[in-house]
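Coordinates as given in work01.cif (mmCIF, C-alpha atoms, pLDDT in the B column; chains and numbers go by the auth columns):
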data_run
loop_
_atom_site.group_PDB
_atom_site.id
_atom_site.type_symbol
_atom_site.label_atom_id
_atom_site.label_comp_id
_atom_site.label_asym_id
_atom_site.label_seq_id
_atom_site.Cartn_x
_atom_site.Cartn_y
_atom_site.Cartn_z
_atom_site.B_iso_or_equiv
_atom_site.auth_seq_id
_atom_site.auth_asym_id
ATOM 1 C CA MET A 1 0.628 -3.981 29.053 82.00 1 A
ATOM 2 C CA ILE A 2 -2.878 -3.833 30.514 84.00 2 A
ATOM 3 C CA THR A 3 -2.492 -3.141 34.226 85.00 3 A
ATOM 4 C CA ALA A 4 -6.153 -2.630 35.216 90.00 4 A
ATOM 5 C CA TYR A 5 -9.511 -3.716 33.860 90.00 5 A
ATOM 6 C CA HIS A 6 -12.775 -1.879 34.568 92.00 6 A
ATOM 7 C CA ARG A 7 -16.321 -2.866 33.594 93.00 7 A
ATOM 8 C CA PRO A 8 -18.608 0.066 34.447 92.00 8 A
ATOM 9 C CA GLN A 9 -22.375 -0.324 34.561 94.00 9 A
ATOM 10 C CA SER A 10 -23.194 3.247 33.526 91.00 10 A
ATOM 11 C CA LEU A 11 -22.010 5.824 31.001 90.00 11 A
ATOM 12 C CA ASP A 12 -21.234 8.304 33.796 90.00 12 A
ATOM 13 C CA LYS A 13 -18.877 5.834 35.451 93.00 13 A
ATOM 14 C CA ALA A 14 -17.271 4.996 32.127 91.00 14 A
ATOM 15 C CA LEU A 15 -16.609 8.672 31.430 89.00 15 A
ATOM 16 C CA GLU A 16 -15.140 9.143 34.900 91.00 16 A
ATOM 17 C CA LEU A 17 -12.737 6.253 34.362 89.00 17 A
ATOM 18 C CA LEU A 18 -11.804 7.397 30.862 89.00 18 A
ATOM 19 C CA SER A 19 -10.820 10.817 32.204 86.00 19 A
ATOM 20 C CA HIS A 20 -7.827 9.195 33.923 88.00 20 A
ATOM 21 C CA PRO A 21 -4.437 9.228 32.161 88.00 21 A
ATOM 22 C CA ASN A 22 -3.497 6.205 30.040 87.00 22 A
ATOM 23 C CA THR A 23 -7.033 4.813 30.211 88.00 23 A
ATOM 24 C CA PHE A 24 -8.751 3.637 27.051 87.00 24 A
ATOM 25 C CA PRO A 25 -12.146 2.231 26.054 89.00 25 A
ATOM 26 C CA LEU A 26 -12.259 -1.486 25.306 84.00 26 A
ATOM 27 C CA GLY A 27 -14.732 -2.630 22.680 79.00 27 A
ATOM 28 C CA GLY A 28 -13.765 -5.724 20.740 71.00 28 A
ATOM 29 C CA GLY A 29 -10.195 -5.712 22.016 66.00 29 A
ATOM 30 C CA THR A 30 -8.680 -6.353 18.589 63.00 30 A
ATOM 31 C CA LEU A 31 -6.076 -3.620 19.166 63.00 31 A
ATOM 32 C CA LEU A 32 -5.703 -3.316 22.939 56.00 32 A
ATOM 33 C CA SER A 33 -5.236 -7.070 23.300 52.00 33 A
ATOM 34 C CA HIS A 34 -1.946 -6.758 21.413 51.00 34 A
ATOM 35 C CA ARG A 35 1.216 -6.470 23.454 52.00 35 A
ATOM 36 C CA GLN A 36 1.637 -2.884 24.676 59.00 36 A
ATOM 37 C CA SER A 37 4.947 -1.298 25.600 65.00 37 A
ATOM 38 C CA ASP A 38 3.244 1.185 27.951 79.00 38 A
ATOM 39 C CA ALA A 39 1.097 0.413 30.977 84.00 39 A
ATOM 40 C CA VAL A 40 -2.564 1.138 30.220 88.00 40 A
ATOM 41 C CA GLU A 41 -5.919 0.701 31.941 90.00 41 A
ATOM 42 C CA VAL A 42 -8.964 -0.388 29.949 90.00 42 A
ATOM 43 C CA VAL A 43 -12.658 0.362 30.359 91.00 43 A
ATOM 44 C CA ASP A 44 -14.841 -2.459 29.034 91.00 44 A
ATOM 45 C CA LEU A 45 -17.951 -1.018 27.350 92.00 45 A
ATOM 46 C CA GLN A 46 -19.900 -4.255 26.991 89.00 46 A
ATOM 47 C CA ALA A 47 -22.325 -3.593 29.860 90.00 47 A
ATOM 48 C CA LEU A 48 -23.440 -0.178 28.566 92.00 48 A
ATOM 49 C CA GLY A 49 -25.920 -1.325 25.919 94.00 49 A
ATOM 50 C CA LEU A 50 -24.185 0.469 23.052 95.00 50 A
ATOM 51 C CA ASN A 51 -24.460 -2.383 20.554 96.00 51 A
ATOM 52 C CA SER A 52 -27.899 -1.735 19.055 96.00 52 A
ATOM 53 C CA LEU A 53 -28.767 -1.205 15.396 98.00 53 A
ATOM 54 C CA LYS A 54 -31.933 0.806 14.785 97.00 54 A
ATOM 55 C CA LYS A 55 -33.596 2.326 11.756 97.00 55 A
ATOM 56 C CA SER A 56 -34.861 5.793 12.619 96.00 56 A
ATOM 57 C CA GLY A 57 -36.748 7.458 9.779 96.00 57 A
ATOM 58 C CA LYS A 58 -34.331 7.728 6.848 97.00 58 A
ATOM 59 C CA ASP A 59 -31.273 6.947 8.993 98.00 59 A
ATOM 60 C CA LEU A 60 -29.570 3.935 10.509 98.00 60 A
ATOM 61 C CA GLU A 61 -28.342 4.459 14.060 98.00 61 A
ATOM 62 C CA ILE A 62 -25.412 2.165 14.836 98.00 62 A
ATOM 63 C CA GLY A 63 -24.363 1.583 18.425 98.00 63 A
ATOM 64 C CA ALA A 64 -20.678 2.177 19.024 97.00 64 A
ATOM 65 C CA THR A 65 -19.993 -1.370 20.257 96.00 65 A
ATOM 66 C CA ALA A 66 -21.979 -3.112 17.516 97.00 66 A
ATOM 67 C CA THR A 67 -19.552 -5.444 15.771 97.00 67 A
ATOM 68 C CA LEU A 68 -18.633 -5.135 12.130 98.00 68 A
ATOM 69 C CA GLN A 69 -20.242 -8.507 11.457 98.00 69 A
ATOM 70 C CA GLN A 70 -23.413 -7.469 13.270 98.00 70 A
ATOM 71 C CA LEU A 71 -23.688 -4.445 10.981 98.00 71 A
ATOM 72 C CA LEU A 72 -22.892 -6.485 7.880 98.00 72 A
ATOM 73 C CA GLU A 73 -25.711 -8.923 8.683 98.00 73 A
ATOM 74 C CA ASP A 74 -28.269 -6.228 9.461 98.00 74 A
ATOM 75 C CA SER A 75 -31.091 -6.030 6.914 97.00 75 A
ATOM 76 C CA ASN A 76 -30.778 -2.232 6.711 98.00 76 A
ATOM 77 C CA CYS A 77 -27.065 -2.224 5.887 98.00 77 A
ATOM 78 C CA LEU A 78 -26.440 -0.739 2.440 98.00 78 A
ATOM 79 C CA VAL A 79 -25.063 -3.155 -0.160 98.00 79 A
ATOM 80 C CA ALA A 80 -21.964 -1.055 -0.896 98.00 80 A
ATOM 81 C CA LEU A 81 -21.249 -0.807 2.835 98.00 81 A
ATOM 82 C CA LYS A 82 -21.446 -4.598 3.089 98.00 82 A
ATOM 83 C CA SER A 83 -18.787 -4.877 0.372 97.00 83 A
ATOM 84 C CA ALA A 84 -16.541 -2.452 2.237 97.00 84 A
ATOM 85 C CA LEU A 85 -17.045 -4.347 5.513 98.00 85 A
ATOM 86 C CA LYS A 86 -15.997 -7.641 3.962 96.00 86 A
ATOM 87 C CA LEU A 87 -12.719 -6.059 2.858 96.00 87 A
ATOM 88 C CA GLU A 88 -12.134 -4.295 6.174 96.00 88 A
ATOM 89 C CA ALA A 89 -11.336 -7.466 8.118 95.00 89 A
ATOM 90 C CA PRO A 90 -11.726 -11.258 7.936 95.00 90 A
ATOM 91 C CA LEU A 91 -14.704 -12.924 9.599 96.00 91 A
ATOM 92 C CA ASN A 92 -13.063 -13.633 12.966 95.00 92 A
ATOM 93 C CA LEU A 93 -12.014 -10.006 13.381 95.00 93 A
ATOM 94 C CA ARG A 94 -15.391 -8.727 12.172 96.00 94 A
ATOM 95 C CA ASN A 95 -17.027 -10.775 14.906 96.00 95 A
ATOM 96 C CA ALA A 96 -14.862 -9.049 17.524 94.00 96 A
ATOM 97 C CA GLY A 97 -14.087 -5.591 16.160 95.00 97 A
ATOM 98 C CA THR A 98 -16.558 -2.817 16.928 96.00 98 A
ATOM 99 C CA VAL A 99 -17.765 -0.056 14.643 97.00 99 A
ATOM 100 C CA ALA A 100 -16.454 2.787 16.820 96.00 100 A
ATOM 101 C CA GLY A 101 -13.161 1.029 17.498 94.00 101 A
ATOM 102 C CA THR A 102 -12.575 0.566 13.781 96.00 102 A
ATOM 103 C CA ILE A 103 -13.174 4.265 13.154 97.00 103 A
ATOM 104 C CA VAL A 104 -10.862 5.396 15.964 95.00 104 A
ATOM 105 C CA VAL A 105 -7.882 3.287 14.881 94.00 105 A
ATOM 106 C CA CYS A 106 -8.388 3.388 11.112 96.00 106 A
ATOM 107 C CA ASP A 107 -5.807 4.478 8.591 96.00 107 A
ATOM 108 C CA GLY A 108 -6.267 5.554 4.989 97.00 108 A
ATOM 109 C CA ARG A 109 -6.670 1.971 3.795 96.00 109 A
ATOM 110 C CA SER A 110 -9.856 1.414 5.788 97.00 110 A
ATOM 111 C CA THR A 111 -12.564 0.541 3.274 98.00 111 A
ATOM 112 C CA PHE A 112 -15.277 0.775 5.930 98.00 112 A
ATOM 113 C CA THR A 113 -14.325 4.265 7.093 98.00 113 A
ATOM 114 C CA THR A 114 -13.939 5.450 3.491 98.00 114 A
ATOM 115 C CA THR A 115 -17.539 4.448 2.799 98.00 115 A
ATOM 116 C CA LEU A 116 -18.777 6.064 6.023 98.00 116 A
ATOM 117 C CA LEU A 117 -17.017 9.270 4.991 98.00 117 A
ATOM 118 C CA ALA A 118 -18.828 9.263 1.643 98.00 118 A
ATOM 119 C CA LEU A 119 -22.098 8.792 3.537 98.00 119 A
ATOM 120 C CA ASP A 120 -21.308 11.831 5.725 98.00 120 A
ATOM 121 C CA ALA A 121 -21.646 9.710 8.862 98.00 121 A
ATOM 122 C CA LYS A 122 -22.393 11.531 12.120 98.00 122 A
ATOM 123 C CA LEU A 123 -20.793 10.547 15.445 98.00 123 A
ATOM 124 C CA THR A 124 -22.409 11.106 18.830 98.00 124 A
ATOM 125 C CA ILE A 125 -19.612 11.698 21.341 96.00 125 A
ATOM 126 C CA LEU A 126 -19.693 12.150 25.136 94.00 126 A
ATOM 127 C CA ASN A 127 -16.886 14.278 26.589 86.00 127 A
ATOM 128 C CA PRO A 128 -18.604 14.674 29.058 83.00 128 A
ATOM 129 C CA GLN A 129 -21.479 16.505 27.328 90.00 129 A
ATOM 130 C CA SER A 130 -23.075 14.896 24.293 92.00 130 A
ATOM 131 C CA LYS A 131 -22.279 16.408 20.907 95.00 131 A
ATOM 132 C CA THR A 132 -22.689 15.379 17.271 96.00 132 A
ATOM 133 C CA GLU A 133 -19.670 15.594 14.996 97.00 133 A
ATOM 134 C CA ASN A 134 -19.179 14.791 11.327 98.00 134 A
ATOM 135 C CA LEU A 135 -16.821 11.900 10.698 98.00 135 A
ATOM 136 C CA GLY A 136 -14.796 14.130 8.395 97.00 136 A
ATOM 137 C CA ASP A 137 -14.166 16.579 11.235 97.00 137 A
ATOM 138 C CA PHE A 138 -13.341 13.812 13.697 97.00 138 A
ATOM 139 C CA LEU A 139 -10.731 11.892 11.705 97.00 139 A
ATOM 140 C CA PRO A 140 -7.868 14.421 11.501 95.00 140 A
ATOM 141 C CA LEU A 141 -7.467 14.906 15.293 93.00 141 A
ATOM 142 C CA ARG A 142 -9.564 12.057 16.805 92.00 142 A
ATOM 143 C CA PRO A 143 -10.119 13.904 20.091 88.00 143 A
ATOM 144 C CA ARG A 144 -10.696 12.065 23.339 85.00 144 A
ATOM 145 C CA GLY A 145 -14.265 11.240 24.203 88.00 145 A
ATOM 146 C CA LEU A 146 -16.579 8.270 24.164 94.00 146 A
ATOM 147 C CA ILE A 147 -18.344 7.573 20.868 96.00 147 A
ATOM 148 C CA THR A 148 -21.808 6.216 21.657 96.00 148 A
ATOM 149 C CA SER A 149 -23.356 5.944 18.198 98.00 149 A
ATOM 150 C CA ILE A 150 -22.809 6.462 14.481 98.00 150 A
ATOM 151 C CA THR A 151 -25.622 7.589 12.185 98.00 151 A
ATOM 152 C CA ILE A 152 -25.725 7.087 8.417 98.00 152 A
ATOM 153 C CA PRO A 153 -28.429 7.974 5.878 98.00 153 A
ATOM 154 C CA LEU A 154 -30.383 5.222 4.130 98.00 154 A
ATOM 155 C CA ASN A 155 -32.108 7.374 1.480 97.00 155 A
ATOM 156 C CA VAL A 156 -28.993 7.528 -0.701 98.00 156 A
ATOM 157 C CA LYS A 157 -27.432 5.660 -3.591 98.00 157 A
ATOM 158 C CA VAL A 158 -23.987 4.332 -2.723 98.00 158 A
ATOM 159 C CA ALA A 159 -21.286 2.629 -4.764 98.00 159 A
ATOM 160 C CA PHE A 160 -17.893 1.267 -3.721 98.00 160 A
ATOM 161 C CA GLU A 161 -14.962 0.176 -5.901 98.00 161 A
ATOM 162 C CA TYR A 162 -11.361 -0.713 -5.149 97.00 162 A
ATOM 163 C CA VAL A 163 -8.087 -1.991 -6.575 97.00 163 A
ATOM 164 C CA ALA A 164 -5.711 -4.187 -4.571 96.00 164 A
ATOM 165 C CA ARG A 165 -2.827 -6.540 -5.270 92.00 165 A
ATOM 166 C CA THR A 166 -5.033 -9.521 -4.375 88.00 166 A
ATOM 167 C CA PRO A 167 -8.831 -9.761 -3.938 82.00 167 A
ATOM 168 C CA ALA A 168 -8.488 -10.064 -0.153 78.00 168 A
ATOM 169 C CA ASP A 169 -5.713 -7.473 0.291 87.00 169 A
ATOM 170 C CA LYS A 170 -6.155 -3.968 1.646 90.00 170 A
ATOM 171 C CA PRO A 171 -6.713 -1.594 -1.288 96.00 171 A
ATOM 172 C CA ILE A 172 -4.101 0.508 -3.006 97.00 172 A
ATOM 173 C CA VAL A 173 -6.988 2.728 -4.076 98.00 173 A
ATOM 174 C CA CYS A 174 -10.633 2.613 -3.032 98.00 174 A
ATOM 175 C CA VAL A 175 -13.483 4.942 -3.876 98.00 175 A
ATOM 176 C CA ALA A 176 -16.916 5.365 -2.309 98.00 176 A
ATOM 177 C CA LEU A 177 -19.586 7.546 -3.875 98.00 177 A
ATOM 178 C CA ALA A 178 -22.877 8.598 -2.276 98.00 178 A
ATOM 179 C CA GLN A 179 -25.675 10.518 -3.965 98.00 179 A
ATOM 180 C CA TRP A 180 -28.733 12.011 -2.255 98.00 180 A
ATOM 181 C CA PRO A 181 -32.147 12.464 -3.923 97.00 181 A
ATOM 182 C CA SER A 182 -31.390 16.210 -4.065 96.00 182 A
ATOM 183 C CA GLY A 183 -28.375 15.541 -6.290 96.00 183 A
ATOM 184 C CA ARG A 184 -25.812 16.107 -3.545 98.00 184 A
ATOM 185 C CA THR A 185 -22.750 13.981 -4.323 98.00 185 A
ATOM 186 C CA ARG A 186 -19.960 13.004 -1.937 98.00 186 A
ATOM 187 C CA LEU A 187 -16.836 11.193 -3.083 98.00 187 A
ATOM 188 C CA ALA A 188 -14.419 9.684 -0.547 98.00 188 A
ATOM 189 C CA VAL A 189 -11.158 7.968 -1.434 98.00 189 A
ATOM 190 C CA GLY A 190 -8.861 5.649 0.494 98.00 190 A
ATOM 191 C CA GLY A 191 -5.828 3.448 0.130 97.00 191 A
ATOM 192 C CA TYR A 192 -3.246 5.945 1.334 96.00 192 A
ATOM 193 C CA GLY A 193 -2.218 7.976 4.359 96.00 193 A
ATOM 194 C CA LYS A 194 -3.472 8.263 7.921 96.00 194 A
ATOM 195 C CA ALA A 195 -7.173 8.503 7.093 97.00 195 A
ATOM 196 C CA PRO A 196 -9.537 8.356 4.118 98.00 196 A
ATOM 197 C CA MET A 197 -9.956 11.631 2.243 98.00 197 A
ATOM 198 C CA LEU A 198 -13.048 13.522 1.150 98.00 198 A
ATOM 199 C CA ALA A 199 -12.481 14.331 -2.511 98.00 199 A
ATOM 200 C CA MET A 200 -15.796 16.019 -3.301 98.00 200 A
ATOM 201 C CA ASP A 201 -18.989 17.241 -1.669 98.00 201 A
ATOM 202 C CA GLY A 202 -21.113 19.052 -4.215 96.00 202 A
ATOM 203 C CA THR A 203 -24.632 19.650 -5.416 96.00 203 A
ATOM 204 C CA GLU A 204 -24.075 17.416 -8.470 94.00 204 A
ATOM 205 C CA ALA A 205 -21.576 14.913 -9.900 94.00 205 A
ATOM 206 C CA GLU A 206 -19.889 17.178 -12.431 95.00 206 A
ATOM 207 C CA GLY A 207 -16.111 17.120 -12.099 96.00 207 A
ATOM 208 C CA ILE A 208 -15.995 13.889 -10.131 97.00 208 A
ATOM 209 C CA GLU A 209 -13.083 12.368 -12.067 97.00 209 A
ATOM 210 C CA ALA A 210 -10.975 15.495 -11.623 97.00 210 A
ATOM 211 C CA ALA A 211 -11.788 15.507 -7.908 98.00 211 A
ATOM 212 C CA ALA A 212 -10.651 11.893 -7.593 98.00 212 A
ATOM 213 C CA ARG A 213 -7.375 12.717 -9.338 98.00 213 A
ATOM 214 C CA ASN A 214 -6.707 15.796 -7.226 97.00 214 A
ATOM 215 C CA ALA A 215 -7.130 13.861 -3.973 97.00 215 A
ATOM 216 C CA PHE A 216 -4.125 11.678 -4.809 97.00 216 A
ATOM 217 C CA HIS A 217 -1.732 14.274 -6.245 94.00 217 A
ATOM 218 C CA GLU A 218 0.851 13.577 -3.492 94.00 218 A
ATOM 219 C CA ALA A 219 -0.176 10.013 -2.620 96.00 219 A
ATOM 220 C CA GLN A 220 3.067 8.162 -3.190 96.00 220 A
ATOM 221 C CA ASP A 221 4.275 5.382 -0.885 95.00 221 A
ATOM 222 C CA GLU A 222 5.785 1.888 -1.027 94.00 222 A
ATOM 223 C CA TRP A 223 2.573 0.500 -2.535 93.00 223 A
ATOM 224 C CA ALA A 224 2.030 2.796 -5.518 96.00 224 A
ATOM 225 C CA SER A 225 2.992 6.065 -7.157 97.00 225 A
ATOM 226 C CA ALA A 226 0.809 9.155 -7.021 97.00 226 A
ATOM 227 C CA GLU A 227 0.328 9.038 -10.794 97.00 227 A
ATOM 228 C CA TYR A 228 -0.948 5.467 -10.637 97.00 228 A
ATOM 229 C CA ARG A 229 -3.378 6.286 -7.854 98.00 229 A
ATOM 230 C CA GLN A 230 -4.634 9.354 -9.719 98.00 230 A
ATOM 231 C CA ASP A 231 -5.421 7.349 -12.857 98.00 231 A
ATOM 232 C CA VAL A 232 -7.048 4.479 -10.954 98.00 232 A
ATOM 233 C CA ALA A 233 -9.094 6.794 -8.708 98.00 233 A
ATOM 234 C CA ALA A 234 -10.524 8.634 -11.715 98.00 234 A
ATOM 235 C CA THR A 235 -11.486 5.338 -13.341 98.00 235 A
ATOM 236 C CA LEU A 236 -13.075 3.986 -10.159 98.00 236 A
ATOM 237 C CA ALA A 237 -14.994 7.203 -9.546 98.00 237 A
ATOM 238 C CA LYS A 238 -16.427 7.068 -13.064 97.00 238 A
ATOM 239 C CA ARG A 239 -17.337 3.420 -12.518 97.00 239 A
ATOM 240 C CA CYS A 240 -19.106 4.261 -9.260 97.00 240 A
ATOM 241 C CA LEU A 241 -21.052 7.033 -10.938 96.00 241 A
#

Spit out the file's structure as structure tokens when you get a sec.
Amino acid sequence: MITAYHRPQSLDKALELLSHPNTFPLGGGTLLSHRQSDAVEVVDLQALGLNSLKKSGKDLEIGATATLQQLLEDSNCLVALKSALKLEAPLNLRNAGTVAGTIVVCDGRSTFTTTLLALDAKLTILNPQSKTENLGDFLPLRPRGLITSITIPLNVKVAFEYVARTPADKPIVCVALAQWPSGRTRLAVGGYGKAPMLAMDGTEAEGIEAAARNAFHEAQDEWASAEYRQDVAATLAKRCL
């Protein structure tokens, strides 16, 4: 249950409020608006100007409170990322859900976060000092702090593939592959567990199918066996390449 609502006008005030126990940032409200068993206070971030989208050199800087739909409609959004966004949530939720909020609450079936992981997205976090952290380092522990922006490269080739029970369902297996002009290749996989997994980060694409298989060697749940996921991931990785 939400017991207090705050709408700070500055980042400093927001950080002060968020340092209190049981106090959480409120972006789109798609999660915190659900019925809560515990009493919580929320800090509305809408007045902080964190919803911008800006191309900076070879990167796209995404404000933390930019909505998923706002990013999808941006002219600089990569085509593969658009595909992942459409699978992440239906239109109504994309219009409300924020980029940072989606990252913080994601599980392994998040197509959007899987693609960001392949892109080696960088998070700018205030806690209270500003620091930059790789998404891959952030996901396992998701430490407290206020994400202010997410940066992704635009000078890359990206592909995204998935398999699900229905076209609109969350994936059983999804694969995102990013390649830099230097040959650097990152493969991220999703569809299982608490967060997407980085399967490969190398100087070239050799061994990509084996990397996809290895990522799912213990990925058995009520949706699919590990063996099935291994075979599908290898096929999808080859298709992406």

Evaluate the PyMOL selection byres ((chain A and resi 103-114) around 6) on the structure here and hand back the selected residues as a CSV table (one decimal) with C-alpha atoms, in the frame of the given file.
chain,number,residue,atom,x,y,z
A,84,ALA,CA,-16.5,-2.5,2.2
A,85,LEU,CA,-17.0,-4.3,5.5
A,88,GLU,CA,-12.1,-4.3,6.2
A,100,ALA,CA,-16.5,2.8,16.8
A,101,GLY,CA,-13.2,1.0,17.5
A,102,THR,CA,-12.6,0.6,13.8
A,115,THR,CA,-17.5,4.4,2.8
A,116,LEU,CA,-18.8,6.1,6.0
A,117,LEU,CA,-17.0,9.3,5.0
A,188,ALA,CA,-14.4,9.7,-0.5
A,190,GLY,CA,-8.9,5.6,0.5
A,191,GLY,CA,-5.8,3.4,0.1
A,192,TYR,CA,-3.2,5.9,1.3
A,193,GLY,CA,-2.2,8.0,4.4
A,194,LYS,CA,-3.5,8.3,7.9
A,195,ALA,CA,-7.2,8.5,7.1
A,196,PRO,CA,-9.5,8.4,4.1

task = With the file shown as input, list the residues that the PyMOL selection byres ((chain A and resi 199) around 12) selects, as a ChimeraX atom specification.
result = /A:114,117-118,136,174-178,185-190,196-198,200-202,205,207-217,230,233-234,237

task = Select, from A:Ala39, A:Val163, A:Leu68, A:Val156, the residue with the minimum atom-to-atom distance to Ser182 (chain A), counting only C-alpha atoms.
result =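 Checking each of A:Ala39, A:Val163, A:Leu68, A:Val156 against Ser182 (chain A), counting only C-alpha atoms, the winner is A:Val156.
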
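Distance-wise, CA of Glu61 (chain A) and CA of Leu26 (chain A) end up 20.5 Å apart.
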
ask   = Hey, what comes out of the PyMOL selection byres ((chain A and resi 58) around 10) on this file? Could you write it as a PyMOL selection string?
value = chain A and resi 55-57+59-61+152-156

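Distance check against Cys77 (chain A) using only C-alpha atoms: of A:Lys122, A:Thr151, A:Val42, A:Pro90, the minimum falls on A:Thr151.
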
note = What separates CA of Ser149 (chain A) and CA of Leu123 (chain A) is a distance of 5.9 Å

CA of Glu73 (chain A) to CA of Phe24 (chain A), distance in Å rounded to a single decimal =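 Between these atoms lies a distance of 28.0 Å.
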
Selected residue, from A:Val158, A:Leu241, A:Leu53, A:Leu126, that lies nearest to Pro143 (chain A) when counting all atoms listed in the file = A:Leu126

request  = Just the residues within 6 Å of Leu135 (chain A), please, counting only C-alpha atoms, with nothing from its chain fewer than 2 positions along; format it as a VMD selection string.
outcome  = chain A and resid 121 to 122 137 to 138

ask   = With distances taken over all atoms listed in the file, which of A:Thr67, A:Ser83, A:Thr132, A:Asn22 is nearest to Tyr162 (chain A)?
value = A:Ser83

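Those residues positioned at most 12 Å from (-21.6, 15.2, 29.0) are Leu11, Asp12, Lys13, Ala14, Leu15, Glu16, Thr124, Ile125, Leu126, Asn127, Pro128, Gln129, Ser130, Lys131, Thr132, Gly145, Leu146, Ile147 and Thr148 of chain A, judged using only C-alpha atoms.
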
Kindly export the residues of the current selection with C-alpha atoms, as a PDB file, in the frame of the given file.
ATOM      1  CA  LEU A  11     -22.010   5.824  31.001  1.00 90.00           C
ATOM      2  CA  ASP A  12     -21.234   8.304  33.796  1.00 90.00           C
ATOM      3  CA  LYS A  13     -18.877   5.834  35.451  1.00 93.00           C
ATOM      4  CA  ALA A  14     -17.271   4.996  32.127  1.00 91.00           C
ATOM      5  CA  LEU A  15     -16.609   8.672  31.430  1.00 89.00           C
ATOM      6  CA  GLU A  16     -15.140   9.143  34.900  1.00 91.00           C
ATOM      7  CA  THR A 124     -22.409  11.106  18.830  1.00 98.00           C
ATOM      8  CA  ILE A 125     -19.612  11.698  21.341  1.00 96.00           C
ATOM      9  CA  LEU A 126     -19.693  12.150  25.136  1.00 94.00           C
ATOM     10  CA  ASN A 127     -16.886  14.278  26.589  1.00 86.00           C
ATOM     11  CA  PRO A 128     -18.604  14.674  29.058  1.00 83.00           C
ATOM     12  CA  GLN A 129     -21.479  16.505  27.328  1.00 90.00           C
ATOM     13  CA  SER A 130     -23.075  14.896  24.293  1.00 92.00           C
ATOM     14  CA  LYS A 131     -22.279  16.408  20.907  1.00 95.00           C
ATOM     15  CA  THR A 132     -22.689  15.379  17.271  1.00 96.00           C
ATOM     16  CA  GLY A 145     -14.265  11.240  24.203  1.00 88.00           C
ATOM     17  CA  LEU A 146     -16.579   8.270  24.164  1.00 94.00           C
ATOM     18  CA  ILE A 147     -18.344   7.573  20.868  1.00 96.00           C
ATOM     19  CA  THR A 148     -21.808   6.216  21.657  1.00 96.00           C
TER      20      THR A 148
END

key: Nearest residue to Ala159 (chain A) from the set A:Thr23, A:Asn134, A:Gln46, A:Gln179 (distances using only C-alpha atoms)   = A:Gln179

Expected axis-aligned box over every listed atom of region 162-165 of chain A, 5 Å added per side, centre plus edges in Å to one decimal, as lines of an AutoDock Vina configuration file:
center_x = -7.1
center_y = -3.6
center_z = -5.6
size_x = 18.5
size_y = 15.8
size_z = 12.0

key: Which of A:Val99, A:Leu87, A:Met1, A:Leu236 sits closest to Pro171 (chain A) [using all atoms listed in the file]   = A:Leu87
